[in-house]
>>> print(open('start_17.txt').read())   # compact mmCIF, C-alpha atoms
# COMPACT_ATOMS: atom_id res chain seq x y z
CA MET A 177 27.62 -13.92 -6.27
CA SER A 178 30.98 -13.94 -4.44
CA ALA A 179 32.01 -16.72 -2.07
CA ALA A 180 31.76 -14.27 0.86
CA ALA A 181 28.22 -13.29 -0.10
CA VAL A 182 27.18 -16.93 -0.45
CA ALA A 183 28.66 -17.76 2.95
CA SER A 184 26.65 -14.97 4.59
CA ALA A 185 23.31 -15.83 2.97
CA LYS A 186 20.40 -15.90 5.40
CA ILE A 187 18.26 -17.99 3.03
CA ARG A 188 19.64 -20.25 0.32
CA VAL A 189 17.39 -21.78 -2.34
CA ALA A 190 19.30 -24.30 -4.47
CA GLY A 191 18.01 -26.17 -7.51
CA VAL A 192 14.40 -26.17 -6.33
CA PHE A 193 11.79 -28.01 -8.38
CA LYS A 194 8.12 -28.21 -7.40
CA SER A 195 5.39 -30.16 -9.16
CA PHE A 196 1.76 -30.81 -8.25
CA ARG A 197 -0.12 -33.93 -9.26
CA THR A 198 -3.72 -33.57 -10.38
CA LYS A 199 -6.14 -36.31 -11.42
CA LYS A 200 -5.21 -35.74 -15.06
CA GLU A 201 -1.58 -34.66 -15.08
CA THR A 202 1.52 -33.46 -13.28
CA VAL A 203 1.88 -29.68 -13.26
CA ASP A 204 5.46 -28.40 -13.09
CA VAL A 205 5.52 -25.07 -11.26
CA LEU A 206 9.15 -24.44 -10.27
CA GLU A 207 12.08 -25.66 -12.35
CA GLY A 208 15.57 -25.20 -10.97
CA VAL A 209 15.11 -22.09 -8.82
CA ASP A 210 18.31 -20.70 -7.28
CA LEU A 211 18.15 -17.73 -4.92
CA ASP A 212 20.21 -16.39 -2.03
CA VAL A 213 18.75 -13.83 0.39
CA ARG A 214 21.09 -11.75 2.51
CA PRO A 215 20.61 -11.11 6.25
CA GLN A 216 18.30 -8.14 6.93
CA GLU A 217 17.63 -7.76 3.22
CA PHE A 218 14.32 -6.70 1.72
CA LEU A 219 13.96 -8.84 -1.40
CA ALA A 220 10.96 -8.73 -3.74
CA ILE A 221 9.88 -11.52 -6.08
CA VAL A 222 7.92 -10.52 -9.17
CA GLY A 223 6.78 -12.49 -12.19
CA PRO A 224 3.88 -13.27 -14.51
CA SER A 225 0.53 -14.12 -12.95
CA GLY A 226 0.38 -17.77 -11.93
CA CYS A 227 4.09 -18.40 -12.46
CA GLY A 228 4.67 -19.80 -8.98
CA LYS A 229 5.76 -16.81 -6.87
CA SER A 230 3.56 -17.75 -3.93
CA THR A 231 4.48 -21.43 -4.33
CA LEU A 232 8.15 -20.50 -3.99
CA LEU A 233 7.39 -18.46 -0.86
CA ASN A 234 5.42 -21.36 0.61
CA CYS A 235 8.36 -23.68 -0.07
CA ILE A 236 10.80 -21.30 1.63
CA ALA A 237 8.46 -21.04 4.62
CA GLY A 238 8.17 -24.83 4.89
CA PHE A 239 4.49 -25.09 4.00
CA GLU A 240 5.20 -26.99 0.78
CA GLN A 241 7.52 -29.96 0.37
CA LEU A 242 10.00 -29.80 -2.50
CA THR A 243 9.98 -32.15 -5.44
CA LYS A 244 13.72 -31.68 -5.76
CA GLY A 245 16.42 -29.34 -4.44
CA SER A 246 17.06 -27.77 -1.05
CA ILE A 247 16.24 -24.68 0.99
CA GLU A 248 18.32 -23.65 3.99
CA ILE A 249 17.86 -20.84 6.50
CA ASP A 250 20.84 -20.01 8.70
CA GLY A 251 22.49 -23.16 7.37
CA GLU A 252 19.65 -25.46 8.47
CA ARG A 253 17.46 -27.37 6.03
CA VAL A 254 13.85 -26.14 5.92
CA ARG A 255 11.51 -29.06 6.56
CA LYS A 256 8.51 -27.39 8.23
CA PRO A 257 7.24 -23.95 9.26
CA SER A 258 8.93 -22.14 12.14
CA ARG A 259 7.48 -19.58 14.52
CA LYS A 260 10.68 -17.58 13.96
CA ARG A 261 9.51 -16.91 10.39
CA VAL A 262 6.04 -15.46 9.97
CA PHE A 263 3.67 -15.00 7.04
CA VAL A 264 1.71 -11.80 6.39
CA PHE A 265 -1.04 -12.47 3.87
CA GLN A 266 -3.20 -10.32 1.59
CA GLU A 267 -6.27 -11.03 3.71
CA THR A 268 -5.57 -10.29 7.36
CA GLY A 269 -5.69 -13.27 9.70
CA ILE A 270 -6.41 -11.30 12.84
CA PHE A 271 -9.14 -12.65 15.10
CA PRO A 272 -12.36 -10.59 15.01
CA TRP A 273 -13.28 -11.53 18.60
CA LEU A 274 -9.99 -10.21 20.04
CA THR A 275 -8.94 -6.62 20.63
CA VAL A 276 -5.90 -5.07 18.98
CA ARG A 277 -3.88 -5.69 22.14
CA ASP A 278 -4.96 -9.32 22.41
CA ASN A 279 -4.39 -10.00 18.72
CA ILE A 280 -0.83 -8.68 18.90
CA GLY A 281 -0.14 -10.66 22.06
CA PHE A 282 -1.75 -13.87 20.80
CA GLY A 283 1.56 -15.70 20.22
CA LEU A 284 3.12 -14.57 23.49
CA GLY A 285 1.50 -17.05 25.86
CA ASP A 286 4.88 -18.21 27.18
CA LEU A 287 5.62 -14.78 28.66
CA GLU A 288 4.64 -13.51 32.09
CA PRO A 289 1.76 -10.98 31.90
CA GLY A 290 4.02 -7.99 32.62
CA ALA A 291 6.56 -8.97 29.97
CA ARG A 292 3.77 -9.69 27.50
CA ASP A 293 2.22 -6.27 28.06
CA GLU A 294 5.62 -4.65 27.53
CA VAL A 295 6.16 -6.43 24.20
CA VAL A 296 2.65 -5.61 23.01
CA ALA A 297 3.04 -1.94 23.94
CA ARG A 298 6.35 -1.76 22.06
CA TYR A 299 4.85 -3.04 18.84
CA VAL A 300 1.63 -1.06 19.20
CA ALA A 301 3.84 2.03 19.25
CA LEU A 302 6.01 0.79 16.38
CA VAL A 303 3.05 0.40 14.02
CA GLY A 304 1.32 3.58 15.21
CA LEU A 305 -1.77 2.12 16.89
CA GLN A 306 -1.58 3.91 20.24
CA GLY A 307 -5.07 4.62 21.49
CA PHE A 308 -6.58 1.66 19.65
CA GLU A 309 -5.40 -1.11 21.97
CA LYS A 310 -8.95 -1.94 23.11
CA ALA A 311 -10.54 -1.67 19.65
CA TYR A 312 -11.88 -4.71 17.81
CA PRO A 313 -11.08 -5.40 14.12
CA ALA A 314 -14.59 -4.37 13.04
CA GLU A 315 -13.79 -0.89 14.33
CA LEU A 316 -10.58 -0.57 12.29
CA SER A 317 -9.84 0.49 8.74
CA GLY A 318 -8.16 -1.90 6.30
CA GLY A 319 -4.81 -0.25 6.80
CA MET A 320 -5.10 -0.42 10.57
CA LYS A 321 -5.94 -4.13 10.42
CA GLN A 322 -2.82 -4.66 8.35
CA ARG A 323 -0.80 -2.79 10.98
CA VAL A 324 -2.14 -5.22 13.59
CA GLU A 325 -1.05 -8.09 11.34
CA PHE A 326 2.48 -6.71 11.07
CA ALA A 327 2.68 -6.02 14.81
CA ARG A 328 1.58 -9.58 15.64
CA ALA A 329 4.18 -11.01 13.27
CA LEU A 330 6.92 -8.87 14.81
CA ALA A 331 5.88 -9.46 18.43
CA VAL A 332 6.82 -13.16 18.32
CA GLU A 333 10.40 -12.06 17.55
CA SER A 334 10.38 -13.50 14.04
CA ASP A 335 13.62 -12.95 12.17
CA VAL A 336 12.08 -13.42 8.71
CA LEU A 337 8.83 -11.94 7.39
CA TYR A 338 7.17 -13.55 4.38
CA LEU A 339 4.91 -11.00 2.69
CA ASP A 340 2.50 -12.55 0.18
CA GLU A 341 0.74 -9.69 -1.65
CA PRO A 342 0.17 -8.06 1.77
CA PHE A 343 -1.41 -4.89 0.37
CA GLY A 344 -3.50 -6.45 -2.39
CA ALA A 345 -6.82 -6.10 -0.58
CA LEU A 346 -6.29 -2.42 0.26
CA ASP A 347 -7.46 0.60 -1.70
CA ALA A 348 -4.87 2.54 -3.72
CA PHE A 349 -4.34 5.31 -1.17
CA THR A 350 -3.98 2.89 1.75
CA ARG A 351 -1.55 0.75 -0.26
CA LEU A 352 0.72 3.75 -0.73
CA GLU A 353 0.52 4.55 2.98
CA MET A 354 1.27 0.96 4.00
CA ARG A 355 4.27 0.73 1.66
CA ARG A 356 5.84 3.61 3.52
CA GLU A 357 4.90 2.06 6.84
CA ILE A 358 6.44 -1.33 6.09
CA ALA A 359 9.61 0.37 4.82
CA ARG A 360 9.81 2.26 8.13
CA ILE A 361 9.11 -0.87 10.18
CA TRP A 362 11.68 -2.90 8.24
CA LYS A 363 14.32 -0.23 8.79
CA ALA A 364 13.49 -0.03 12.51
CA THR A 365 13.55 -3.79 13.15
CA GLY A 366 16.24 -5.11 10.79
CA LYS A 367 14.18 -8.17 9.80
CA THR A 368 14.84 -10.15 6.64
CA CYS A 369 11.80 -9.60 4.38
CA LEU A 370 10.67 -11.55 1.33
CA LEU A 371 7.88 -9.87 -0.62
CA VAL A 372 5.85 -11.55 -3.34
CA THR A 373 4.00 -8.99 -5.44
CA HIS A 374 2.53 -8.50 -8.89
CA ASP A 375 3.03 -4.74 -8.47
CA VAL A 376 6.36 -3.74 -10.03
CA GLU A 377 6.18 -0.23 -8.57
CA GLU A 378 5.71 -1.71 -5.11
CA ALA A 379 8.78 -3.90 -5.59
CA VAL A 380 10.94 -0.98 -6.70
CA GLU A 381 9.77 1.21 -3.83
CA LEU A 382 10.46 -1.38 -1.13
CA ALA A 383 13.17 -3.82 -2.15
CA ASP A 384 16.97 -3.85 -1.99
CA ARG A 385 16.91 -6.39 -4.81
CA ILE A 386 14.20 -7.65 -7.15
CA ALA A 387 14.10 -11.26 -8.36
CA VAL A 388 12.23 -11.60 -11.67
CA MET A 389 10.70 -15.01 -12.40
CA THR A 390 9.87 -16.55 -15.75
CA ARG A 391 6.59 -18.06 -16.79
CA ARG A 392 5.71 -21.52 -15.46
CA PRO A 393 7.59 -23.77 -14.97
CA ALA A 394 9.42 -20.90 -13.37
CA ARG A 395 13.00 -20.11 -12.54
CA ILE A 396 14.72 -16.86 -11.63
CA GLU A 397 15.34 -14.99 -14.88
CA ARG A 398 17.34 -12.18 -13.30
CA ILE A 399 18.03 -10.47 -9.99
CA LEU A 400 18.32 -6.69 -10.09
CA GLU A 401 20.03 -4.52 -7.50
CA ASN A 402 18.05 -1.47 -6.46
CA PRO A 403 20.54 1.38 -5.89
CA LEU A 404 17.91 4.08 -5.35
CA PRO A 405 18.16 5.96 -2.03
CA ARG A 406 15.24 5.82 0.38
CA PRO A 407 12.61 7.20 0.52
CA ARG A 408 11.94 6.49 -3.15
CA ASP A 409 9.90 8.69 -5.44
CA PRO A 410 7.95 6.87 -8.20
CA ASP A 411 8.28 10.00 -10.36
CA ASP A 412 12.07 9.94 -10.17
CA THR A 413 13.86 9.12 -13.43
CA GLY A 414 15.88 6.29 -11.88
CA PHE A 415 12.72 4.78 -10.38
CA ARG A 416 10.97 4.77 -13.76
CA GLU A 417 14.04 3.32 -15.50
CA LEU A 418 14.24 0.40 -13.06
CA LYS A 419 10.52 -0.25 -13.48
CA ASP A 420 10.91 -0.28 -17.25
CA GLN A 421 13.86 -2.66 -17.01
CA ILE A 422 11.73 -5.11 -15.01
CA PHE A 423 8.85 -4.83 -17.48
CA ASP A 424 11.29 -5.52 -20.32
CA ILE A 425 12.48 -8.70 -18.59
CA LEU A 426 8.86 -9.73 -18.09
CA GLY A 427 8.16 -9.08 -21.76
CA VAL A 428 5.50 -6.49 -21.00
CA GLU A 429 5.10 -3.77 -23.59
CA ARG A 430 4.99 -0.32 -22.03
CA ARG A 431 2.82 2.30 -23.70
CA VAL A 432 3.47 5.93 -22.93
>>> encode(input="start_17.txt", output="structure tokens")
Amino acid sequence: MSAAAVASAKIRVAGVFKSFRTKKETVDVLEGVDLDVRPQEFLAIVGPSGCGKSTLLNCIAGFEQLTKGSIEIDGERVRKPSRKRVFVFQETGIFPWLTVRDNIGFGLGDLEPGARDEVVARYVALVGLQGFEKAYPAELSGGMKQRVEFARALAVESDVLYLDEPFGALDAFTRLEMRREIARIWKATGKTCLLVTHDVEEAVELADRIAVMTRRPARIERILENPLPRPRDPDDTGFRELKDQIFDILGVERRV
């Protein structure tokens, strides 16, 4: 990466090691991870199951302390979580006893009621939930609950979204729909997004770049640019070629 690109990095992961101690042994999960994420970039992290993708995301978010190395966001060392950077998980964390409107506005207690209502209305519209403001989660589909999750994360004016397998609990059709929705939302908001996924097709459809991790103890094996224009068609030749390249790096045999 050029000096100019390094200087403009939103997130910088440098020489990160992470180990966990158990009663029997020390488990090395991350071993010398280096990664720079550009401002407003959509970057996906893929790798073998259990390699440490989510651990890396938790370290970047400040939920896990490093064994060695450093992580900086906007030039400041990450030492703890920040409300400016929000997680969206596989299982939605929305509150079942609150309406859609109240869930989205949950983190906006510092605002005056009128300003809060304005912010909530803006993000209700952004994620396409007009007409469901008074609905409770039990009345929503899986995809709609995930829209509430995204809206709540965006409403607190986060500048980074951490997406940890956010569509994993959804059925296949809803996953496809939500991929298109998050691509639209990302384009509309200009947030920096980090996506951890085991789904290579999902990574190729959404990401500007794809970081491929090795098996544990993991490092970044390669970072691939994604030159495909949006919206991306999984049946396109270039799409399939990029997928196959990632599978080759992962050492996964593809059978036609």
>>> closest_atom_pairs(input="start_17.txt", of="range 249-365 of chain A", to="range 376-390 of chain A", cutoff="12 Å", atoms="all atoms listed in the file", output="tab-separated table")
residue	atom	partner	partner_atom	distance
A:Leu339	CA	A:Ala379	CA	11.6
A:Glu341	CA	A:Glu378	CA	10.0
A:Pro342	CA	A:Glu378	CA	10.9
A:Phe343	CA	A:Glu378	CA	9.5
A:Gly344	CA	A:Glu378	CA	10.7
A:Ala348	CA	A:Glu378	CA	11.5
A:Arg351	CA	A:Glu378	CA	9.1
A:Leu352	CA	A:Glu378	CA	8.6
A:Glu353	CA	A:Glu378	CA	11.5
A:Met354	CA	A:Glu378	CA	10.5
A:Arg355	CA	A:Leu382	CA	7.1
A:Arg356	CA	A:Leu382	CA	8.2
A:Glu357	CA	A:Leu382	CA	10.3
A:Ile358	CA	A:Leu382	CA	8.3
A:Ala359	CA	A:Leu382	CA	6.3
A:Arg360	CA	A:Leu382	CA	10.0
A:Ile361	CA	A:Leu382	CA	11.4
A:Trp362	CA	A:Leu382	CA	9.6
A:Lys363	CA	A:Leu382	CA	10.7
>>> atom_distance(input="start_17.txt", atom1="CA of Asp286 in chain A", atom2="CA of Ala327 in chain A")
17.5 Å
>>> axis_aligned_box(input="start_17.txt", around="range 240-259 of chain A", padding_each_side="8 Å", output="AutoDock Vina command-line options")
--center_x 13.8 --center_y -25.9 --center_z 4.4 --size_x 33.3 --size_y 28.6 --size_z 36.3
>>> closest_residue(input="start_17.txt", among="A:Asp411, A:Glu417, A:Glu401, A:Glu294", to="Leu219 in chain A", atoms="all atoms listed in the file")
A:Glu401
>>> closest_residue(input="start_17.txt", among="A:Pro393, A:Gly285, A:Pro410, A:Gly318", to="Pro224 in chain A", atoms="all atoms listed in the file")
A:Pro393
>>> closest_residue(input="start_17.txt", among="A:Val276, A:Ala329, A:Val372, A:Ala291", to="Leu305 in chain A", atoms="only C-alpha atoms")
A:Val276
>>> atom_distance(input="start_17.txt", atom1="CA of Arg298 in chain A", atom2="CA of Ala311 in chain A")
17.1 Å
>>> residues_near_point(input="start_17.txt", point="(9.7, -13.5, 10.5)", cutoff="8 Å", atoms="all atoms listed in the file", output="ChimeraX atom specification")
/A:259-263,329-330,333-338,367-369
